[in-house]
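Here's the structure, in structure tokens; my notes come after.
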Amino acid sequence: MIREHRSREKLDNYYRQFIEKGVMDANVHPWVASSWRRCQQMNIARDKMNISNRLPAEEFHKLQRQNHEAIAYLGHLADTIKEFFQEYNLSLLLVTSDCVVLKSYSLPFYQMTPGEIEGVRVGEEEVGTSSICVVHEQQTPFWMFGPEMWVEECQLGDACSAPVFVGGEFRYIITLVSMEQVVMPQDAVISLLFTMKNSLELHMEEYMRQRAEEAILDATPFAVYHVLPGGEVAYANTLGHKRLAGIGLRHQQRMRKRENLNDVILNYQHTPIYNGFRGIPSYNKEVTWITPNKTYEDITTVVPLERDRNHAVKSVAVVSMPIEDLRTLVAHAAGYTAKYSLNSMVGEGDTFKAVKNKAARIAKNKHHILIQGEAGTGKQRMAHGIHQASSRAAGPLITLRCGDATPEVLEHELFGIVQGEVSHQGRLELASGGTLFLDEIERMPKKVAQELADALNRGTACRIGENVDRPIDVRIVAACDSDLKRLTERGLFARDLYDIVSKCVIRLPALRSRREDIPVLTKHILNELAVQHQMQPKDILPETVDALTAYDWPGNIKQLQSVLEYAFFNTPMDVIRPDDINLMGDIKPDNRWKEDKGVFVRAWQAAGGNVSRLANLLNVSRVTLYRYLKKYDLEKK
């Protein structure tokens with residue numbers, strides 16, 4: 001609040017009347033009057049300013065470092081108007097929003113050196129009524145006349161303070177204090193204060209925006225550059241500086257010399273950057289950079305920026321990423337992280353413990369691996385666990401289901417393909433440095449399997465439609481539901497690929513052959529469901545576990561998972577009873593199977609093709625089931 005000039009004599013009388021008689025004149029400004037009353041209650045000293053409440057030196061220096069930008073900028077403004085300060089004997093203070101003096105500029109504040117006042121708390125509780133404490137409380141500009149200040153040694157001159165907001169947050173207070181009872185151009189002082197306030201706010205918001213942009217650019221996985229004509233690098237993010245240093249360019253700050261790409265890129269005039277200054281943009285272009293030490297391949301985008309009066313490009317923005325880094329980034333998006341560890345595969349029986357221990361040992365070596373077992377035994381989880389336990393755990397884990405595509409599409413997915421001017425990586429390249437999990441490998445066509453074997457033996461891969469061999473470093477973990485050796489002997493699978501993946505073979509047992517593990521598996525699955533869906537865990541009765549253990553589980557652990565999921569989500573109680581178990585999973589034991597072949601087939605599969613078991617599940621006679629087996633053209637066991 002900016003106020004009109006008032007009689008110092010009257011203001012002084014108001015102050016004396018309150019101090020000596022306890023009478024508050026109605027003409028005292030309400031904010032000043034409230035502060036006087038509080039100061040009297042707190043018994044704040046009136047004769048001399050208290051500067052004893054000072055931050056420890058280390059804490060204060062840390063505070064100054066945190067606010068160095070505001071301190072430096074306000075100092076620059078003060079230097080430009082130093083003559084004005086001297087003429088009217090003004091002092092400038094920068095104060096934090098909690099009333100700690102960060103910096104004292106120009107003339108000494110109340111005849112104190114900057115070292116005496118800096119780091120001192122000057123709030124109402126320390127120094128009494130002042131323009132600073134009013135702004136701290138009201139968060140609005142305020143002019144205070146000398147006689148209104150609580151400390152008598154401060155009453156010679158006036159003071160004007162204003163809050164500084166950065167990003168909508170109250171951050172600082174700037175204060176102009178006159179040292180003597182001289183006639184000041186109040187309008188000029190107020191205008192000066194508001195100019196400094198607004199300038200500081202704009203500068204700090206721009207500074208924060210710039211810091212945020214730099215943080216964003218430094219967090220990106222790309223090297224970002226702002227390049228001037230002639231190859232000078234005006235800006236580079238952290239990764240950009242690192243890459244420039246890697247090819248022999250270092251920023252020489254002392255000499256104020258910028259990096260210049262012409263110094264180390266031998267083919268600079270044949271790159272998209274050089275073309276960018278001719279006004280030709282490039283987007284996601286594969287570029288070769290030749291340096292004295294090494295040749296690099298990047299995916300690069302170059303965008304021409306502002307132009308001068310003659311329409312010549314003044315600078316370009318460059319975003320670049322090594323192809324190897326891009327491969328890793330894409331691998332992340334394609335399924336980089338292993339979802340399961342070997343510890344997530346539970347079992348207490350000797351059979352499964354032996355398999356798990358073998359997997360842990362094999363994971364440490366460098367051989368390719370073949371995992372065999374019936375459908376639903378946990379081959380995918382085992383593959384994830386092996387990858388996570390291997391020396392390749394930091395690399396990508398890429399999955400390819402060999403039975404999900406035609407031979408042509410499978411070949412493209414595996415090796416990559418050139419389409420038009422764009423060359424796409426295949427899963428084999430994406431998995432370089434990590435693991436490629438080939439699920440249902442027995443369904444891979446012999447031609448594709450032979451090509452894969454040749455690529456693995458060479459250590460290079462070639463995309464379809466290209467003649468460029470690219471190095472690969474990949475470990476194959478293959479999964480097969482059937483006996484891959486027999487398929488190979490019968491000529492149904494490529495011998496060369498079988499020889500490669502069968503160096504280490506892990507055979508997962510069927511669930512019916514490890515019934516002793518069903519209780520612990522049941523508890524583990526129910527706990528996983530509760531954690532995944534953020535629900536309360538459910539107990540399971542011993543007799544329910546007994547019923548699960550007695551079942552043959554033709555669909556193995558996958559079927560057990562489905563049955564327990566159905567019980568978990570459809571049991572209203574906290575305890576799963578035998579009646580809550582539906583061995584057909586989400587297939588309800590109603591009469592829909594009599595009209596819907598799909599429902600009947602799923603129930604038939606859940607029963608493992610066993611008529612007696614299915615009759616019990618559907619609560620019908622065997623004779624009735626035979627009739628429906630014939631109706632649906634299914635083979636009985």
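Ligands are numbered from 1 in the order shown, residues from 1 within each chain, and chains are lettered A, B, ... in the order they appear in the structure tokens.
With only C-alpha atoms taken into account, the protein and nucleic acid residues at most 6 Å from segment 121-138 of chain A (excluding it and anything under 6 positions from it in its own chain) are Ser35, Cys39, Met49, Asn50, Asn53, Cys99, Val100, Met144, Met149, Trp150 and Ser161 of chain A.
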Close residues, Glu201 of chain A itself excluded, 12 Å, only C-alpha atoms, min 3 positions apart in chain, as JSON, numbers by chain: {"A": [69, 70, 73, 74, 162, 163, 164, 165, 166, 167, 168, 169, 170, 171, 172, 173, 174, 194, 195, 196, 197, 198, 204, 205, 206, 207, 208]}
Segment 392-408 of chain A surroundings by only C-alpha atoms, 10 Å radius, close-in-sequence under 3 positions cut, as a PyMOL selection string: chain A and resi 327-339+363-364+366+380+383-389+411-414+427-448+474-479
Residues of segment 171-282 of chain A in strand (DSSP E or B) according to DSSP, as a short mmCIF file (atom, residue, chain, number, x, y, z; two decimals) with all heavy atoms, in the first residue's frame?
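Okay, selection.cif is ready:
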```cif
data_model
loop_
_atom_site.label_atom_id
_atom_site.label_comp_id
_atom_site.auth_asym_id
_atom_site.auth_seq_id
_atom_site.Cartn_x
_atom_site.Cartn_y
_atom_site.Cartn_z
N ARG A 171 8.59 -15.13 -2.62
CA ARG A 171 9.97 -15.57 -2.46
C ARG A 171 10.86 -14.55 -1.76
O ARG A 171 11.73 -14.92 -0.97
CB ARG A 171 10.55 -15.89 -3.84
CG ARG A 171 9.95 -17.10 -4.51
CD ARG A 171 10.47 -18.40 -3.93
NE ARG A 171 11.89 -18.52 -4.17
CZ ARG A 171 12.43 -19.01 -5.29
NH1 ARG A 171 11.63 -19.41 -6.28
NH2 ARG A 171 13.72 -19.10 -5.43
N TYR A 172 10.71 -13.24 -2.08
CA TYR A 172 11.63 -12.24 -1.55
C TYR A 172 10.88 -10.97 -1.16
O TYR A 172 9.72 -10.77 -1.53
CB TYR A 172 12.69 -11.86 -2.59
CG TYR A 172 13.47 -13.02 -3.16
CD1 TYR A 172 13.23 -13.47 -4.46
CD2 TYR A 172 14.46 -13.65 -2.41
CE1 TYR A 172 13.94 -14.52 -4.99
CE2 TYR A 172 15.18 -14.70 -2.93
CZ TYR A 172 14.92 -15.14 -4.22
OH TYR A 172 15.62 -16.18 -4.74
N ILE A 173 11.61 -10.10 -0.41
CA ILE A 173 11.17 -8.74 -0.14
C ILE A 173 12.34 -7.83 -0.53
O ILE A 173 13.48 -8.08 -0.11
CB ILE A 173 10.82 -8.53 1.34
CG1 ILE A 173 9.68 -9.46 1.76
CG2 ILE A 173 10.43 -7.07 1.60
CD1 ILE A 173 9.44 -9.48 3.28
N ILE A 174 12.05 -6.80 -1.35
CA ILE A 174 13.11 -5.82 -1.63
C ILE A 174 12.71 -4.52 -0.92
O ILE A 174 11.55 -4.13 -0.91
CB ILE A 174 13.33 -5.59 -3.13
CG1 ILE A 174 12.02 -5.27 -3.87
CG2 ILE A 174 13.99 -6.80 -3.76
CD1 ILE A 174 12.24 -4.96 -5.33
N THR A 175 13.71 -3.87 -0.32
CA THR A 175 13.46 -2.70 0.53
C THR A 175 14.42 -1.57 0.18
O THR A 175 15.63 -1.79 0.07
CB THR A 175 13.65 -3.08 2.02
OG1 THR A 175 12.72 -4.10 2.35
CG2 THR A 175 13.39 -1.87 2.91
N LEU A 176 13.86 -0.37 0.04
CA LEU A 176 14.65 0.85 -0.10
C LEU A 176 14.48 1.66 1.18
O LEU A 176 13.36 1.93 1.61
CB LEU A 176 14.18 1.67 -1.30
CG LEU A 176 14.66 1.18 -2.68
CD1 LEU A 176 13.97 1.97 -3.78
CD2 LEU A 176 16.18 1.31 -2.80
N VAL A 177 15.60 2.04 1.80
CA VAL A 177 15.58 2.75 3.08
C VAL A 177 16.35 4.06 2.93
O VAL A 177 17.49 4.06 2.43
CB VAL A 177 16.23 1.90 4.20
CG1 VAL A 177 16.12 2.61 5.54
CG2 VAL A 177 15.57 0.52 4.27
N SER A 178 15.74 5.17 3.34
CA SER A 178 16.46 6.45 3.35
C SER A 178 17.13 6.62 4.71
O SER A 178 16.58 6.25 5.74
CB SER A 178 15.50 7.60 3.08
OG SER A 178 14.56 7.72 4.12
N ALA A 223 21.29 -36.48 -27.62
CA ALA A 223 22.25 -35.37 -27.59
C ALA A 223 21.61 -34.22 -28.35
O ALA A 223 21.16 -34.38 -29.48
CB ALA A 223 23.56 -35.78 -28.25
N VAL A 224 21.55 -33.03 -27.71
CA VAL A 224 20.89 -31.87 -28.29
C VAL A 224 21.91 -30.75 -28.45
O VAL A 224 22.65 -30.44 -27.50
CB VAL A 224 19.71 -31.40 -27.42
CG1 VAL A 224 19.02 -30.20 -28.04
CG2 VAL A 224 18.71 -32.54 -27.21
N TYR A 225 21.94 -30.12 -29.62
CA TYR A 225 22.91 -29.07 -29.89
C TYR A 225 22.22 -27.88 -30.55
O TYR A 225 21.24 -28.04 -31.28
CB TYR A 225 24.01 -29.55 -30.84
CG TYR A 225 24.67 -30.85 -30.45
CD1 TYR A 225 24.25 -32.05 -31.01
CD2 TYR A 225 25.72 -30.87 -29.54
CE1 TYR A 225 24.85 -33.25 -30.67
CE2 TYR A 225 26.34 -32.06 -29.20
CZ TYR A 225 25.89 -33.26 -29.76
OH TYR A 225 26.48 -34.43 -29.41
N HIS A 226 22.77 -26.69 -30.29
CA HIS A 226 22.41 -25.48 -31.04
C HIS A 226 23.70 -25.06 -31.74
O HIS A 226 24.68 -24.69 -31.10
CB HIS A 226 21.90 -24.39 -30.10
CG HIS A 226 21.51 -23.14 -30.79
ND1 HIS A 226 21.57 -21.90 -30.18
CD2 HIS A 226 21.06 -22.91 -32.05
CE1 HIS A 226 21.16 -20.98 -31.03
NE2 HIS A 226 20.85 -21.56 -32.17
N VAL A 227 23.70 -25.13 -33.06
CA VAL A 227 24.93 -24.95 -33.84
C VAL A 227 24.83 -23.68 -34.67
O VAL A 227 23.80 -23.39 -35.30
CB VAL A 227 25.17 -26.17 -34.76
CG1 VAL A 227 26.51 -26.02 -35.50
CG2 VAL A 227 25.16 -27.46 -33.95
N GLU A 232 30.25 -23.88 -34.99
CA GLU A 232 30.36 -23.58 -33.57
C GLU A 232 29.14 -24.10 -32.81
O GLU A 232 28.00 -23.88 -33.25
CB GLU A 232 30.50 -22.08 -33.33
CG GLU A 232 31.91 -21.56 -33.47
CD GLU A 232 32.02 -20.14 -32.93
OE1 GLU A 232 31.02 -19.41 -32.98
OE2 GLU A 232 33.11 -19.77 -32.47
N VAL A 233 29.38 -24.73 -31.67
CA VAL A 233 28.29 -25.25 -30.84
C VAL A 233 27.96 -24.21 -29.77
O VAL A 233 28.72 -24.01 -28.82
CB VAL A 233 28.68 -26.59 -30.18
CG1 VAL A 233 27.53 -27.11 -29.31
CG2 VAL A 233 29.03 -27.62 -31.25
N ALA A 234 26.83 -23.51 -29.95
CA ALA A 234 26.43 -22.48 -28.99
C ALA A 234 25.85 -23.09 -27.72
O ALA A 234 25.94 -22.52 -26.64
CB ALA A 234 25.40 -21.55 -29.63
N TYR A 235 25.23 -24.27 -27.84
CA TYR A 235 24.64 -24.95 -26.68
C TYR A 235 24.69 -26.45 -26.91
O TYR A 235 24.52 -26.94 -28.03
CB TYR A 235 23.18 -24.52 -26.47
CG TYR A 235 22.45 -25.42 -25.48
CD1 TYR A 235 22.59 -25.21 -24.11
CD2 TYR A 235 21.68 -26.49 -25.92
CE1 TYR A 235 21.95 -26.06 -23.20
CE2 TYR A 235 21.05 -27.33 -25.02
CZ TYR A 235 21.19 -27.12 -23.66
OH TYR A 235 20.58 -27.95 -22.76
N ALA A 236 24.90 -27.17 -25.84
CA ALA A 236 24.80 -28.64 -25.87
C ALA A 236 24.27 -29.08 -24.52
O ALA A 236 24.66 -28.53 -23.48
CB ALA A 236 26.15 -29.28 -26.16
N GLN A 252 36.28 -25.10 -23.70
CA GLN A 252 37.36 -24.38 -23.03
C GLN A 252 36.80 -23.08 -22.45
O GLN A 252 36.83 -22.02 -23.07
CB GLN A 252 38.49 -24.09 -24.03
CG GLN A 252 39.08 -25.36 -24.62
CD GLN A 252 40.13 -25.06 -25.67
OE1 GLN A 252 40.62 -23.94 -25.77
NE2 GLN A 252 40.50 -26.06 -26.45
N LYS A 257 36.09 -20.25 -25.51
CA LYS A 257 36.10 -20.78 -26.86
C LYS A 257 35.09 -21.91 -26.96
O LYS A 257 35.10 -22.83 -26.15
CB LYS A 257 37.50 -21.29 -27.23
CG LYS A 257 37.59 -21.80 -28.66
CD LYS A 257 38.99 -22.29 -28.96
CE LYS A 257 39.07 -22.81 -30.38
NZ LYS A 257 40.42 -23.35 -30.70
N ASN A 260 33.85 -26.61 -31.90
CA ASN A 260 33.56 -26.43 -33.32
C ASN A 260 33.60 -27.80 -33.99
O ASN A 260 34.61 -28.50 -33.95
CB ASN A 260 34.57 -25.48 -33.98
CG ASN A 260 34.09 -25.02 -35.35
OD1 ASN A 260 33.77 -25.83 -36.22
ND2 ASN A 260 34.02 -23.70 -35.53
N SER A 282 16.26 -32.08 -41.89
CA SER A 282 16.36 -33.55 -41.94
C SER A 282 15.65 -34.11 -40.72
O SER A 282 15.79 -33.57 -39.62
CB SER A 282 17.83 -34.00 -41.94
OG SER A 282 18.52 -33.46 -43.04
#
```
Residues flagged alpha helix (DSSP H) by DSSP in segment 296-355 of chain A, as a PyMOL selection string: chain A and resi 323-333+350-355
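Minimum distance to Ala312 of chain A across A:Ile280, A:Leu526, A:Val120, A:Val101 (counting only C-alpha atoms) occurs at A:Ile280.
For segment 351-359 of chain A, the list of residues within 9 Å, based on only C-alpha atoms and with local chain neighbours fewer than 4 positions off taken out, reads Leu342, Asn343, Met345, Val346, Gly347, Ala363, Lys364, Met382, Gly385, Ile386, Ile506, Arg507, Leu508, Pro509, Ser513, Arg514 and Asp517 of chain A.
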Write out, as a CSV table (one decimal), in the first residue's frame, the residues just selected, with C-alpha atoms.
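The resulting again36.csv:
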```
chain,number,residue,atom,x,y,z
A,342,LEU,CA,13.7,-67.3,-10.4
A,343,ASN,CA,12.6,-66.7,-6.8
A,345,MET,CA,8.9,-69.7,-9.0
A,346,VAL,CA,8.0,-71.6,-5.9
A,347,GLY,CA,8.1,-75.2,-4.9
A,363,ALA,CA,21.8,-68.7,-16.3
A,364,LYS,CA,25.4,-67.8,-15.3
A,382,MET,CA,11.5,-69.5,-16.2
A,385,GLY,CA,14.1,-65.6,-14.4
A,386,ILE,CA,17.1,-66.9,-16.3
A,506,ILE,CA,15.7,-77.5,-18.9
A,507,ARG,CA,12.7,-79.8,-18.5
A,508,LEU,CA,9.9,-78.4,-16.4
A,509,PRO,CA,7.8,-81.1,-14.8
A,513,SER,CA,4.1,-84.9,-11.0
A,514,ARG,CA,4.8,-82.3,-8.3
A,517,ASP,CA,4.1,-78.1,-4.4
```
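In this comparison, which uses only C-alpha atoms, the residue of A:Asp454, A:Glu466, A:Glu116, A:Asp263 approaching Leu102 of chain A most closely is A:Glu116.
Taking only C-alpha atoms into account, Pro292 of chain A lies nearest to A:Val264 out of the set A:Leu521, A:Val313, A:Val623, A:Val264.
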Give me, as CSV, each residue of segment 474-514 of chain A that comes within 8 Å of segment 556-578 of chain A, together with its shortest interatomic pair and the distance in Å at one decimal, counting only C-alpha atoms, with rows ordered by chain and rising residue number.
```
residue,atom,partner,partner_atom,distance
A:Ala510,CA,A:Asn556,CA,6.2
A:Leu511,CA,A:Asn556,CA,5.1
A:Arg512,CA,A:Asn556,CA,7.4
```
Once you have the residues from the selection above, write them out as an mmCIF file, in the first residue's frame, restricted to all heavy atoms.
```cif
data_model
loop_
_atom_site.group_PDB
_atom_site.id
_atom_site.type_symbol
_atom_site.label_atom_id
_atom_site.label_comp_id
_atom_site.auth_asym_id
_atom_site.auth_seq_id
_atom_site.Cartn_x
_atom_site.Cartn_y
_atom_site.Cartn_z
ATOM 1 N N ALA A 510 5.442 -81.511 -15.154
ATOM 2 C CA ALA A 510 4.006 -81.220 -15.109
ATOM 3 C C ALA A 510 3.577 -81.083 -13.653
ATOM 4 O O ALA A 510 4.191 -81.648 -12.737
ATOM 5 C CB ALA A 510 3.227 -82.341 -15.791
ATOM 6 N N LEU A 511 2.508 -80.328 -13.434
ATOM 7 C CA LEU A 511 2.054 -80.083 -12.066
ATOM 8 C C LEU A 511 1.596 -81.365 -11.384
ATOM 9 O O LEU A 511 1.771 -81.523 -10.174
ATOM 10 C CB LEU A 511 0.918 -79.055 -12.079
ATOM 11 C CG LEU A 511 0.432 -78.541 -10.715
ATOM 12 C CD1 LEU A 511 1.584 -77.972 -9.894
ATOM 13 C CD2 LEU A 511 -0.656 -77.496 -10.891
ATOM 14 N N ARG A 512 1.038 -82.305 -12.156
ATOM 15 C CA ARG A 512 0.561 -83.556 -11.547
ATOM 16 C C ARG A 512 1.703 -84.415 -11.012
ATOM 17 O O ARG A 512 1.480 -85.307 -10.187
ATOM 18 C CB ARG A 512 -0.258 -84.346 -12.566
ATOM 19 C CG ARG A 512 0.514 -84.742 -13.807
ATOM 20 C CD ARG A 512 -0.379 -85.445 -14.832
ATOM 21 N NE ARG A 512 0.336 -85.661 -16.086
ATOM 22 C CZ ARG A 512 0.420 -84.763 -17.047
ATOM 23 N NH1 ARG A 512 -0.169 -83.588 -16.899
ATOM 24 N NH2 ARG A 512 1.082 -85.024 -18.162
#
```
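Of the residues under consideration (A:Ala453, A:Ala461, A:Ile51, A:Ala615), A:Ala461 shows the shortest atom-to-atom contact distance to Gly426 of chain A when counting only C-alpha atoms.
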For Glu118 of chain A, the nearest of the candidates A:Gly373, A:Gly146, A:Pro56, A:Pro322, counting only C-alpha atoms: A:Pro56
Residues near Ile81 of chain A, cut-off 12 Å, only C-alpha atoms, skip fewer than 2 positions along chain, as a VMD selection string: chain A and resid 74 to 79 83 to 88 90 to 92 105 to 106 189 192 to 193 195 to 196
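Considering only C-alpha atoms, the residue among A:Val599, A:Ile464, A:Ala215, A:Val409 positioned nearest to Val422 of chain A is A:Ile464.
Computed from the coordinates, the atom CA of Cys160 of chain A to atom CA of Ala188 of chain A distance equals 11.7 Å.
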